[in-house]
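Content type mmCIF, C-alpha atoms and all ligand atoms, from the file model-v1.cif:
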```cif
data_model
#
loop_
_atom_site.label_atom_id
_atom_site.label_comp_id
_atom_site.auth_asym_id
_atom_site.auth_seq_id
_atom_site.Cartn_x
_atom_site.Cartn_y
_atom_site.Cartn_z
CA MET E 1 1.63 -26.07 -13.30
CA GLN E 2 1.59 -29.87 -12.93
CA SER E 3 -0.20 -32.17 -10.55
CA LEU E 4 -0.47 -35.68 -9.25
CA PRO E 5 -3.22 -37.33 -7.19
CA LEU E 6 -2.34 -37.79 -3.50
CA SER E 7 -3.08 -41.49 -3.92
CA LYS E 8 0.16 -41.61 -5.94
CA LEU E 9 2.19 -39.49 -3.52
CA ASN E 10 4.01 -42.42 -1.90
CA ASP E 11 4.95 -43.85 -5.31
CA PHE E 12 6.16 -40.38 -6.30
CA PHE E 13 8.32 -40.15 -3.15
CA ALA E 14 9.66 -43.69 -3.70
CA ALA E 15 10.64 -42.93 -7.30
CA LEU E 16 12.22 -39.61 -6.29
CA ALA E 17 14.13 -41.24 -3.41
CA ALA E 18 15.45 -43.87 -5.83
CA LYS E 19 17.09 -41.07 -7.84
CA GLN E 20 18.49 -38.94 -5.01
CA ALA E 21 18.25 -38.64 -1.22
CA LEU E 22 14.85 -37.26 -0.27
CA TYR E 23 14.09 -35.57 3.05
CA LEU E 24 10.66 -34.59 4.26
CA PRO E 25 9.00 -33.52 7.54
CA VAL E 26 8.05 -36.49 9.72
CA ASP E 27 6.39 -36.51 13.16
CA ASN E 28 8.89 -37.56 15.78
CA GLY E 29 8.37 -37.27 19.54
CA GLY E 30 5.54 -34.78 19.13
CA GLN E 31 7.47 -32.51 16.78
CA ALA E 32 7.98 -32.48 13.03
CA GLN E 33 11.56 -32.96 11.85
CA PHE E 34 13.11 -33.46 8.45
CA GLN E 35 14.04 -37.11 7.98
CA PRO E 36 15.13 -39.25 5.03
CA TRP E 37 12.19 -40.79 3.19
CA LYS E 38 11.87 -44.53 3.48
CA LYS E 39 9.03 -46.93 2.79
CA GLY E 40 6.22 -46.50 5.29
CA VAL E 41 7.28 -43.01 6.39
CA LYS E 42 4.34 -40.59 6.54
CA MET E 43 4.75 -36.92 5.84
CA SER E 44 3.91 -34.74 8.85
CA ARG E 45 0.80 -32.56 8.65
CA ALA E 46 2.37 -30.07 11.09
CA LEU E 47 2.71 -26.53 9.82
CA ASN E 48 6.46 -26.40 10.24
CA THR E 49 9.41 -28.39 11.52
CA ALA E 50 10.84 -27.74 14.99
CA ARG E 51 14.24 -27.07 13.41
CA SER E 52 14.47 -25.32 10.11
CA ALA E 53 15.75 -26.59 6.76
CA LYS E 54 18.89 -24.51 7.37
CA ASP E 55 20.49 -27.65 8.84
CA PHE E 56 20.83 -29.22 5.37
CA PHE E 57 23.11 -26.45 4.14
CA PHE E 58 24.66 -25.20 7.36
CA PRO E 59 24.63 -28.17 9.75
CA GLN E 60 24.94 -27.74 13.52
CA THR E 61 28.40 -29.35 13.49
CA GLU E 62 30.67 -30.29 10.62
CA ASN E 63 34.27 -31.28 10.10
CA LEU E 64 36.14 -28.75 8.01
CA VAL E 65 39.55 -30.34 7.69
CA ASP E 66 41.63 -33.14 9.23
CA PHE E 67 45.38 -32.92 9.88
CA LYS E 68 47.13 -36.27 10.22
CA MET E 69 50.63 -36.46 11.70
CA LYS E 70 53.02 -39.03 10.25
CA GLY E 71 56.43 -38.48 11.80
CA LYS E 72 57.39 -34.97 10.84
CA ASN E 73 54.86 -34.80 8.01
CA ILE E 74 51.37 -33.36 8.25
CA GLU E 75 48.77 -34.69 5.83
CA ILE E 76 45.85 -32.36 5.15
CA ILE E 77 42.60 -34.22 4.44
CA ASP E 78 39.38 -32.71 3.12
CA PRO E 79 36.68 -34.71 4.96
CA ARG E 80 33.77 -33.57 2.80
CA THR E 81 31.51 -36.36 1.70
CA GLU E 82 28.59 -34.36 0.26
CA LYS E 83 28.88 -35.24 -3.39
CA GLU E 84 25.35 -36.49 -3.96
CA ASP E 85 22.29 -34.51 -4.98
CA PHE E 86 19.39 -34.34 -2.52
CA VAL E 87 15.86 -32.97 -2.33
CA VAL E 88 14.26 -31.29 0.68
CA PHE E 89 10.49 -31.54 0.32
CA GLY E 90 7.97 -29.50 2.29
CA VAL E 91 9.98 -26.39 3.15
CA ARG E 92 7.56 -23.65 4.22
CA ALA E 93 7.58 -20.15 2.73
CA CYS E 94 9.42 -18.56 5.66
CA ASP E 95 12.23 -21.11 5.59
CA ALA E 96 12.39 -20.99 1.79
CA ARG E 97 13.06 -17.23 2.05
CA SER E 98 15.72 -17.79 4.73
CA PHE E 99 18.05 -19.10 2.01
CA SER E 100 18.11 -15.70 0.37
CA ILE E 101 19.46 -14.33 3.70
CA LEU E 102 21.92 -17.18 4.26
CA ASP E 103 23.15 -16.93 0.65
CA LYS E 104 24.03 -13.26 1.21
CA VAL E 105 26.25 -14.30 4.09
CA PHE E 106 27.81 -17.55 2.92
CA LEU E 107 28.04 -16.91 -0.83
CA ALA E 108 29.51 -13.43 -0.49
CA ASP E 109 33.26 -13.11 -0.89
CA PRO E 110 35.02 -15.08 0.58
CA VAL E 111 32.59 -17.82 -0.45
CA ASP E 112 31.92 -20.54 2.11
CA THR E 113 32.61 -23.56 -0.10
CA TYR E 114 31.02 -26.00 2.36
CA TYR E 115 27.70 -24.17 2.22
CA LYS E 116 28.00 -23.52 -1.52
CA SER E 117 28.54 -27.16 -2.35
CA ARG E 118 25.44 -28.18 -0.39
CA ARG E 119 23.38 -25.43 -2.02
CA GLU E 120 24.47 -26.71 -5.42
CA HIS E 121 23.56 -30.30 -4.57
CA GLY E 122 20.25 -29.51 -2.85
CA THR E 123 16.89 -28.93 -4.51
CA ILE E 124 14.24 -27.22 -2.40
CA VAL E 125 10.60 -28.11 -2.90
CA SER E 126 8.60 -25.65 -0.83
CA LEU E 127 5.04 -26.28 0.33
CA ALA E 128 2.41 -23.57 0.64
CA CYS E 129 0.81 -23.14 4.06
CA THR E 130 -2.92 -23.58 4.55
CA ARG E 131 -3.20 -23.42 8.35
CA PRO E 132 -0.79 -20.73 9.57
CA GLU E 133 -0.27 -20.55 13.33
CA GLU E 134 -0.84 -17.64 15.71
CA THR E 135 2.93 -17.13 15.96
CA CYS E 136 3.38 -16.67 12.18
CA PHE E 137 4.22 -13.21 10.85
CA CYS E 138 6.10 -13.91 7.61
CA GLN E 139 3.96 -11.31 5.83
CA THR E 140 5.74 -8.62 7.88
CA PHE E 141 8.75 -9.37 5.70
CA GLY E 142 6.83 -9.50 2.42
CA ILE E 143 6.62 -13.31 2.34
CA ASP E 144 3.50 -14.89 0.92
CA ALA E 145 2.81 -18.16 2.76
CA ALA E 146 0.48 -19.13 -0.09
CA ALA E 147 3.17 -18.71 -2.77
CA PRO E 148 6.44 -20.05 -1.36
CA GLU E 149 9.79 -19.62 -3.10
CA GLY E 150 12.10 -22.56 -3.85
CA ASP E 151 13.32 -24.57 -6.82
CA VAL E 152 9.82 -26.03 -6.99
CA SER E 153 6.73 -24.59 -5.28
CA ALA E 154 4.06 -27.07 -4.18
CA TRP E 155 0.47 -26.82 -3.02
CA MET E 156 -1.38 -29.70 -1.40
CA THR E 157 -5.16 -29.93 -1.51
CA GLU E 158 -7.35 -32.72 -0.12
CA GLU E 159 -6.83 -34.78 -3.28
CA GLU E 160 -3.89 -33.47 -5.25
CA LEU E 161 -0.35 -32.14 -5.09
CA PHE E 162 0.35 -29.26 -7.46
CA LEU E 163 3.92 -28.45 -8.48
CA GLN E 164 5.48 -25.53 -10.26
CA ALA E 165 9.17 -25.29 -11.19
CA ASN E 166 10.88 -21.94 -10.53
CA THR E 167 14.50 -22.73 -11.38
CA GLU E 168 16.50 -24.94 -13.75
CA LYS E 169 17.03 -27.42 -10.91
CA GLY E 170 13.30 -27.44 -10.30
CA GLU E 171 12.54 -28.00 -13.98
CA LYS E 172 14.94 -30.92 -14.07
CA LEU E 173 13.33 -32.48 -11.02
CA LEU E 174 9.85 -32.25 -12.56
CA SER E 175 11.02 -33.55 -15.92
CA ASP E 176 12.72 -36.52 -14.15
CA MET E 177 9.39 -37.26 -12.47
CA ALA E 178 7.27 -36.61 -15.57
CA GLU E 179 5.71 -40.09 -15.57
CA PHE E 180 3.79 -39.15 -12.39
CA LEU E 181 2.71 -35.68 -13.46
CA THR E 182 0.01 -34.24 -15.66
CA GLU E 183 -0.53 -30.66 -16.81
CA ALA E 184 -3.05 -28.91 -14.57
CA GLY E 185 -4.92 -25.62 -14.40
CA SER E 186 -4.20 -23.22 -11.56
CA GLU E 187 -7.81 -22.73 -10.36
CA LYS E 188 -7.60 -25.03 -7.31
CA VAL E 189 -4.28 -23.51 -6.25
CA GLU E 190 -5.66 -20.00 -6.63
CA ALA E 191 -8.70 -20.88 -4.52
CA GLN E 192 -6.43 -22.27 -1.78
CA GLN E 193 -4.21 -19.19 -1.96
CA GLU E 194 -7.17 -16.88 -1.54
CA GLN E 195 -8.29 -18.79 1.56
CA THR E 196 -4.81 -18.83 3.11
CA ARG E 197 -4.28 -15.12 2.47
CA ALA E 198 -7.62 -14.37 4.16
CA VAL E 199 -6.50 -16.39 7.23
CA MET E 200 -3.11 -14.61 7.26
CA LYS E 201 -4.85 -11.24 7.45
CA LYS E 202 -6.68 -12.31 10.61
CA LEU E 203 -3.65 -13.64 12.49
CA PRO E 204 -2.80 -11.87 15.78
CA LEU E 205 0.57 -10.68 14.38
CA ALA E 206 -0.81 -9.63 10.98
CA ASN E 207 -0.10 -5.96 11.67
CA VAL E 208 3.48 -6.23 12.90
CA SER E 209 5.40 -3.75 10.81
CA THR E 210 9.05 -3.03 10.06
CA GLU E 211 8.19 0.52 9.02
CA LYS E 212 9.85 2.24 11.95
CA PHE E 213 13.15 0.52 11.15
CA ASN E 214 13.28 1.73 7.55
CA ASP E 215 16.22 4.16 7.26
CA VAL E 216 16.32 4.38 11.03
CA ASP E 217 19.12 6.20 12.87
CA LEU E 218 21.29 3.27 13.97
CA MET E 219 22.56 4.97 17.13
CA LYS E 220 19.05 5.90 18.21
CA VAL E 221 18.05 2.24 18.22
CA PHE E 222 21.35 1.19 19.77
CA ASN E 223 20.98 3.68 22.62
CA SER E 224 17.30 3.04 23.29
CA PRO E 225 16.62 2.77 27.05
CA LYS E 226 14.21 -0.08 26.24
CA TRP E 227 17.02 -2.63 25.83
CA ALA E 228 17.55 -2.83 29.61
CA GLU E 229 13.94 -3.73 30.29
CA LEU E 230 13.65 -6.08 27.30
CA SER E 231 16.80 -8.02 28.12
CA SER E 232 16.41 -8.09 31.91
CA SER E 233 14.97 -11.64 32.08
CA CYS E 234 16.93 -13.16 29.18
CA LEU E 235 18.58 -16.38 30.37
CA GLY E 236 21.17 -16.38 27.60
CA CYS E 237 20.12 -19.93 26.74
CA GLY E 238 20.48 -19.38 22.98
CA ALA E 239 17.31 -21.37 22.15
CA CYS E 240 16.08 -18.48 19.98
CA THR E 241 19.26 -18.56 17.88
CA PHE E 242 19.36 -22.34 17.49
CA VAL E 243 15.81 -22.64 16.13
CA CYS E 244 16.17 -19.56 13.92
CA PRO E 245 16.43 -20.29 10.17
CA THR E 246 18.45 -17.14 9.57
CA CYS E 247 20.95 -17.14 12.47
CA GLN E 248 24.33 -18.02 11.04
CA CYS E 249 26.99 -17.52 13.73
CA TYR E 250 29.47 -20.32 14.27
CA ASP E 251 32.66 -21.17 16.09
CA ILE E 252 35.68 -23.08 14.71
CA ARG E 253 37.67 -25.32 17.03
CA ASP E 254 40.42 -27.90 16.84
CA PHE E 255 40.13 -31.33 18.44
CA ASP E 256 43.27 -33.34 19.22
CA THR E 257 42.65 -36.90 18.01
CA GLY E 258 45.93 -38.27 19.36
CA ASN E 259 47.58 -38.63 15.96
CA GLY E 260 46.35 -35.42 14.43
CA VAL E 261 43.80 -32.68 14.62
CA LYS E 262 40.18 -32.41 13.53
CA ARG E 263 39.07 -28.89 12.76
CA PHE E 264 35.32 -28.54 13.09
CA ARG E 265 32.77 -25.79 13.24
CA CYS E 266 29.57 -25.68 15.21
CA TRP E 267 26.74 -23.23 15.63
CA ASP E 268 27.38 -20.52 18.17
CA SER E 269 25.05 -17.94 19.65
CA CYS E 270 25.48 -14.21 20.18
CA MET E 271 23.42 -14.75 23.35
CA TYR E 272 26.29 -16.70 24.98
CA SER E 273 28.71 -15.01 27.37
CA ASP E 274 31.80 -16.43 25.60
CA PHE E 275 30.64 -15.50 22.09
CA THR E 276 33.39 -13.76 20.07
CA LYS E 277 35.68 -13.95 23.10
CA MET E 278 39.15 -12.85 22.06
CA ALA E 279 42.56 -12.66 23.71
CA HIS E 280 41.67 -9.37 25.35
CA GLY E 281 38.33 -10.73 26.63
CA ASN E 282 34.71 -10.47 25.52
CA PRO E 283 33.52 -7.38 23.62
CA ARG E 284 30.01 -7.68 25.09
CA LEU E 285 30.20 -8.12 28.82
CA THR E 286 26.53 -7.98 29.77
CA GLN E 287 23.42 -9.86 28.63
CA LEU E 288 21.93 -6.50 27.67
CA GLU E 289 24.71 -6.01 25.09
CA ARG E 290 24.39 -9.58 23.80
CA PHE E 291 20.60 -9.39 23.58
CA ARG E 292 20.82 -6.04 21.79
CA GLN E 293 23.35 -7.46 19.33
CA ARG E 294 20.96 -10.22 18.21
CA PHE E 295 18.11 -7.84 17.45
CA MET E 296 20.24 -5.00 16.10
CA HIS E 297 21.71 -7.50 13.66
CA LYS E 298 18.33 -8.68 12.40
CA LEU E 299 16.55 -5.33 12.36
CA VAL E 300 19.26 -2.77 11.63
CA TYR E 301 22.74 -4.02 10.71
CA PHE E 302 21.68 -6.74 8.25
CA PRO E 303 19.16 -4.58 6.33
CA ASN E 304 21.61 -1.65 6.31
CA ASN E 305 24.19 -3.86 4.60
CA ASN E 306 21.84 -5.85 2.37
CA GLY E 307 19.59 -3.47 0.49
CA GLY E 308 16.92 -3.31 3.18
CA GLU E 309 16.40 -7.06 3.59
CA TYR E 310 15.68 -7.87 7.24
CA GLY E 311 17.38 -10.80 8.96
CA CYS E 312 14.11 -12.39 10.06
CA VAL E 313 11.49 -14.31 8.07
CA GLY E 314 8.72 -14.31 10.68
CA CYS E 315 8.72 -18.09 11.15
CA GLY E 316 7.61 -17.67 14.76
CA ARG E 317 9.95 -20.34 16.16
CA CYS E 318 11.57 -17.99 18.69
CA LEU E 319 8.10 -16.91 19.83
CA ALA E 320 7.22 -20.50 20.58
CA LYS E 321 10.53 -21.62 22.11
CA CYS E 322 11.83 -18.83 24.35
CA PRO E 323 11.45 -19.97 27.98
CA ILE E 324 10.72 -16.41 29.15
CA SER E 325 8.43 -15.56 26.22
CA MET E 326 10.72 -12.84 24.89
CA ASN E 327 10.95 -12.53 21.13
CA ILE E 328 11.61 -10.34 18.13
CA VAL E 329 7.99 -9.16 17.87
CA LYS E 330 8.06 -7.82 21.43
CA VAL E 331 11.34 -6.09 20.66
CA MET E 332 10.00 -4.54 17.44
CA LYS E 333 6.92 -3.26 19.19
CA ALA E 334 8.72 -1.94 22.28
CA LEU E 335 11.59 -0.07 20.68
CA GLU E 336 10.97 3.64 20.33
CA VAL E 337 13.14 4.82 17.49
CA GLU E 338 11.56 8.15 16.56
S1 LIG T 1 14.05 -14.19 14.64
FE1 LIG T 1 12.45 -15.63 15.35
S2 LIG T 1 10.71 -15.29 13.93
FE2 LIG T 1 12.54 -14.34 13.00
S3 LIG T 1 13.35 -15.95 11.62
FE3 LIG T 1 14.44 -16.15 13.60
S4 LIG T 1 13.25 -17.67 14.79
FE4 LIG T 1 11.96 -16.98 13.06
S1 LIG T 2 15.43 -17.98 23.95
FE1 LIG T 2 14.75 -16.23 25.21
S2 LIG T 2 15.87 -16.50 27.18
FE2 LIG T 2 16.92 -17.80 25.66
S3 LIG T 2 18.54 -16.45 24.82
FE3 LIG T 2 16.76 -16.21 23.45
S4 LIG T 2 15.65 -14.37 24.28
FE4 LIG T 2 17.09 -15.08 25.91
#
```
So that I can check it, write out the structure of this file as structure tokens.
Amino acid sequence: MQSLPLSKLNDFFAALAAKQALYLPVDNGGQAQFQPWKKGVKMSRALNTARSAKDFFFPQTENLVDFKMKGKNIEIIDPRTEKEDFVVFGVRACDARSFSILDKVFLADPVDTYYKSRREHGTIVSLACTRPEETCFCQTFGIDAAAPEGDVSAWMTEEELFLQANTEKGEKLLSDMAEFLTEAGSEKVEAQQEQTRAVMKKLPLANVSTEKFNDVDLMKVFNSPKWAELSSSCLGCGACTFVCPTCQCYDIRDFDTGNGVKRFRCWDSCMYSDFTKMAHGNPRLTQLERFRQRFMHKLVYFPNNNGGEYGCVGCGRCLAKCPISMNIVKVMKALEVE
């Protein structure tokens, strides 16, 4: 474990940003958002960002390929520009775990080379939580908010920042920044962890459990009469999917530029009525079916196909953002699967 005094934090950020692009949570319009570090920028004290760190590796829109027409010839251009290393500082434990879920999707065969290249270039410095919110339930999925994953784990106290490398990338980052760091004992971190874990136990959602979904009969959940009631007020706005760090559906479209074609992809949502629409029409015609798909995927299909790992990290964003106050916790509690 290494540490630096918070009085040196800005110098640390400046030196890090001089080596590679550095992003950190900054208050903007009443919400925290990841932004590039620049002189004078203050790190947000908010618990988490409005949008997750997923955007760095799987952005909301991106160009995949350009086709340029020259007479009868078509030139194929790879528009990728991400060739530089970057650091994302201050990723919370829930979002840090989301990469294990996204990796299973994007790095499985056939590998998504756009995502892979960003994962290779990006170093994640996670930051332990100290003031979890009432909507947090990461512990339901075995995540310890006081011991976040990532290339480097960090803990901030009133006076110091503690850092611990977990991967080769993390070790390189700390060795590059060695002039700012000194070896430190783990006592202050352990004291903070104990406090945070005690707070986590008292949170309103501390007892939300996935137990009933372990080895559940898929068709029993699918056919539950509860879906009708749960989905009846869903507006199909997709807000829950867009703020979710683990949602990974996208659409690919072509845009006619006049002298060629731009092929781009953008996030999509299983809550939308035209999602996965094919030549024969849409496979899910009602909001009930679309709503059920989202939660079946996170609670049943994904764990069934990925060694029991659920497709949710308990970040609480969908609890805070849904305009009708519907969310995965309500679904988990309401479903009768016995
Ligand atoms: S489903 Fe909701 S709580 Fe779970 S990871 Fe997505 S936004 Fe967070
Ligand atoms: S945010 Fe709420 S209303 Fe909107 S699609 Fe999700 S569950 Fe439905």
Could you please determine the separation between atom CA of E:Asp66 and atom CA of E:Gly260 in Å, to one decimal place?
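Here the two named atoms are 7.4 Å from each other.
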Within 9 Å of ligand LIG 1 (chain T): each chain E residue with its shortest pair, all atoms listed in the file, as JSON lines:
```
{"residue": "E:Cys94", "atom": "CA", "partner": "T:LIG1", "partner_atom": "S3", "distance": 7.6}
{"residue": "E:Asp95", "atom": "CA", "partner": "T:LIG1", "partner_atom": "S3", "distance": 8.0}
{"residue": "E:Ser98", "atom": "CA", "partner": "T:LIG1", "partner_atom": "S3", "distance": 7.5}
{"residue": "E:Thr135", "atom": "CA", "partner": "T:LIG1", "partner_atom": "S2", "distance": 8.2}
{"residue": "E:Cys136", "atom": "CA", "partner": "T:LIG1", "partner_atom": "S2", "distance": 7.7}
{"residue": "E:Phe137", "atom": "CA", "partner": "T:LIG1", "partner_atom": "S2", "distance": 7.5}
{"residue": "E:Cys138", "atom": "CA", "partner": "T:LIG1", "partner_atom": "S2", "distance": 7.9}
{"residue": "E:Cys240", "atom": "CA", "partner": "T:LIG1", "partner_atom": "S4", "distance": 6.0}
{"residue": "E:Thr241", "atom": "CA", "partner": "T:LIG1", "partner_atom": "S4", "distance": 6.8}
{"residue": "E:Phe242", "atom": "CA", "partner": "T:LIG1", "partner_atom": "S4", "distance": 8.2}
{"residue": "E:Val243", "atom": "CA", "partner": "T:LIG1", "partner_atom": "S4", "distance": 5.7}
{"residue": "E:Cys244", "atom": "CA", "partner": "T:LIG1", "partner_atom": "S4", "distance": 3.6}
{"residue": "E:Pro245", "atom": "CA", "partner": "T:LIG1", "partner_atom": "S3", "distance": 5.5}
{"residue": "E:Thr246", "atom": "CA", "partner": "T:LIG1", "partner_atom": "S3", "distance": 5.6}
{"residue": "E:Cys247", "atom": "CA", "partner": "T:LIG1", "partner_atom": "FE3", "distance": 6.7}
{"residue": "E:Arg294", "atom": "CA", "partner": "T:LIG1", "partner_atom": "S1", "distance": 8.7}
{"residue": "E:Phe295", "atom": "CA", "partner": "T:LIG1", "partner_atom": "S1", "distance": 8.0}
{"residue": "E:Lys298", "atom": "CA", "partner": "T:LIG1", "partner_atom": "S1", "distance": 7.3}
{"residue": "E:Gly311", "atom": "CA", "partner": "T:LIG1", "partner_atom": "S3", "distance": 7.1}
{"residue": "E:Cys312", "atom": "CA", "partner": "T:LIG1", "partner_atom": "FE2", "distance": 3.9}
{"residue": "E:Val313", "atom": "CA", "partner": "T:LIG1", "partner_atom": "S3", "distance": 4.3}
{"residue": "E:Gly314", "atom": "CA", "partner": "T:LIG1", "partner_atom": "S2", "distance": 3.9}
{"residue": "E:Cys315", "atom": "CA", "partner": "T:LIG1", "partner_atom": "FE4", "distance": 3.9}
{"residue": "E:Gly316", "atom": "CA", "partner": "T:LIG1", "partner_atom": "S2", "distance": 4.0}
{"residue": "E:Arg317", "atom": "CA", "partner": "T:LIG1", "partner_atom": "S4", "distance": 4.5}
{"residue": "E:Cys318", "atom": "CA", "partner": "T:LIG1", "partner_atom": "FE1", "distance": 4.2}
{"residue": "E:Leu319", "atom": "CA", "partner": "T:LIG1", "partner_atom": "FE1", "distance": 6.4}
{"residue": "E:Ala320", "atom": "CA", "partner": "T:LIG1", "partner_atom": "S4", "distance": 8.8}
{"residue": "E:Lys321", "atom": "CA", "partner": "T:LIG1", "partner_atom": "S4", "distance": 8.8}
{"residue": "E:Asn327", "atom": "CA", "partner": "T:LIG1", "partner_atom": "FE1", "distance": 6.7}
{"residue": "E:Ile328", "atom": "CA", "partner": "T:LIG1", "partner_atom": "S1", "distance": 5.7}
{"residue": "E:Val329", "atom": "CA", "partner": "T:LIG1", "partner_atom": "S2", "distance": 7.8}
```
Please, which residues have at least one atom within 7 Å of an atom of ligand LIG 2 (chain T), using only C-alpha atoms and all ligand atoms, listed as an MDAnalysis selection string?
chainID E and resid 233:241 271 318 321:327
Which distance in Å separates atom CA of E:Asp11 and atom CA of E:Met156, to one decimal?
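Separation between atom CA of E:Asp11 and atom CA of E:Met156: 16.0 Å.
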Please list, as a PyMOL selection string, the residues that have an atom at most 9 Å away from (18.6, -25.5, 7.4) in the coordinates of this file, counting only C-alpha atoms.
chain E and resi 51-59+95+98-99+245-246
Dig up all the protein and nucleic acid residues within 12 Å of (19.0, -5.7, 1.8) in the file frame, using all atoms listed in the file, and format them as number ranges by chain.
E: 100-101, 104-105, 141, 214-215, 298-312
Between atom CA of E:Gln20 and atom CA of E:Glu160, what is the spacing in Å?
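Atom CA of E:Gln20 lies 23.0 Å from atom CA of E:Glu160.
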Nearest to E:Asn28, restricted to only C-alpha atoms and choosing among E:Arg45, E:Met219, E:Ala14, E:Gly258, comes out as E:Arg45
Might you pull out every residue within 9 Å of E:Glu134, with all atoms listed in the file counted and same-chain residues fewer than 5 positions away left off, and present them as a list in words?
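The residues satisfying every condition are Leu203, Pro204, Leu205 and Gly316 of chain E.
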List the neighbours of E:Phe275 out to 9 Å using all atoms listed in the file; skip same-chain residues closer than 6 positions along the sequence, and give me the result as number ranges by chain.
E: 251, 268-269, 282-284, 290
Would you mind telling me which residue in E:Lys188, E:Arg292, E:Lys70, E:Lys42 lies nearest to E:Pro25 when using all atoms listed in the file?
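When distances to E:Pro25 are compared using all atoms listed in the file, the smallest one comes from E:Lys42.
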Selection near E:Pro148, 9 Å with all atoms listed in the file, sequence-local residues under 2 positions removed, as a count of residues only:
18
Excluding E:Glu171 and its own-chain neighbours fewer than 6 positions away, which residues fall within 10 Å of it when counting all atoms listed in the file? Please give them as a PyMOL selection string.
chain E and resi 151-152+164-165+177
Using only C-alpha atoms: which of E:Val261, E:Thr140, E:Lys68, E:Thr157 has the shortest distance to E:Ala191:
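Distance minimum relative to E:Ala191 lands on E:Thr157.
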Using only C-alpha atoms, can you tell me which of E:Gln287, E:Asn259, E:Arg131, E:Gly281 comes closest to E:Asn73?
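Closest to E:Asn73 of all the choices is E:Asn259.
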Counting only C-alpha atoms, figure out which residue out of E:Gln139, E:Thr196, E:Gln60, E:Gln293 gets nearest to E:Ser231.
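That would be E:Gln293, the residue with the smallest distance to E:Ser231.
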Nearest to E:Asn10, chosen from E:Val41, E:Gly29, E:Glu82, E:Tyr272, with all atoms listed in the file counted in the distances
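Counting all atoms listed in the file, the residue closest to E:Asn10 is E:Val41.
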E:Val88: which residues within 10 Å, counting all atoms listed in the file, same-chain residues fewer than 2 positions away excluded, as a PyMOL selection string?
chain E and resi 21-25+34-36+53+56+86+90-91+122-126
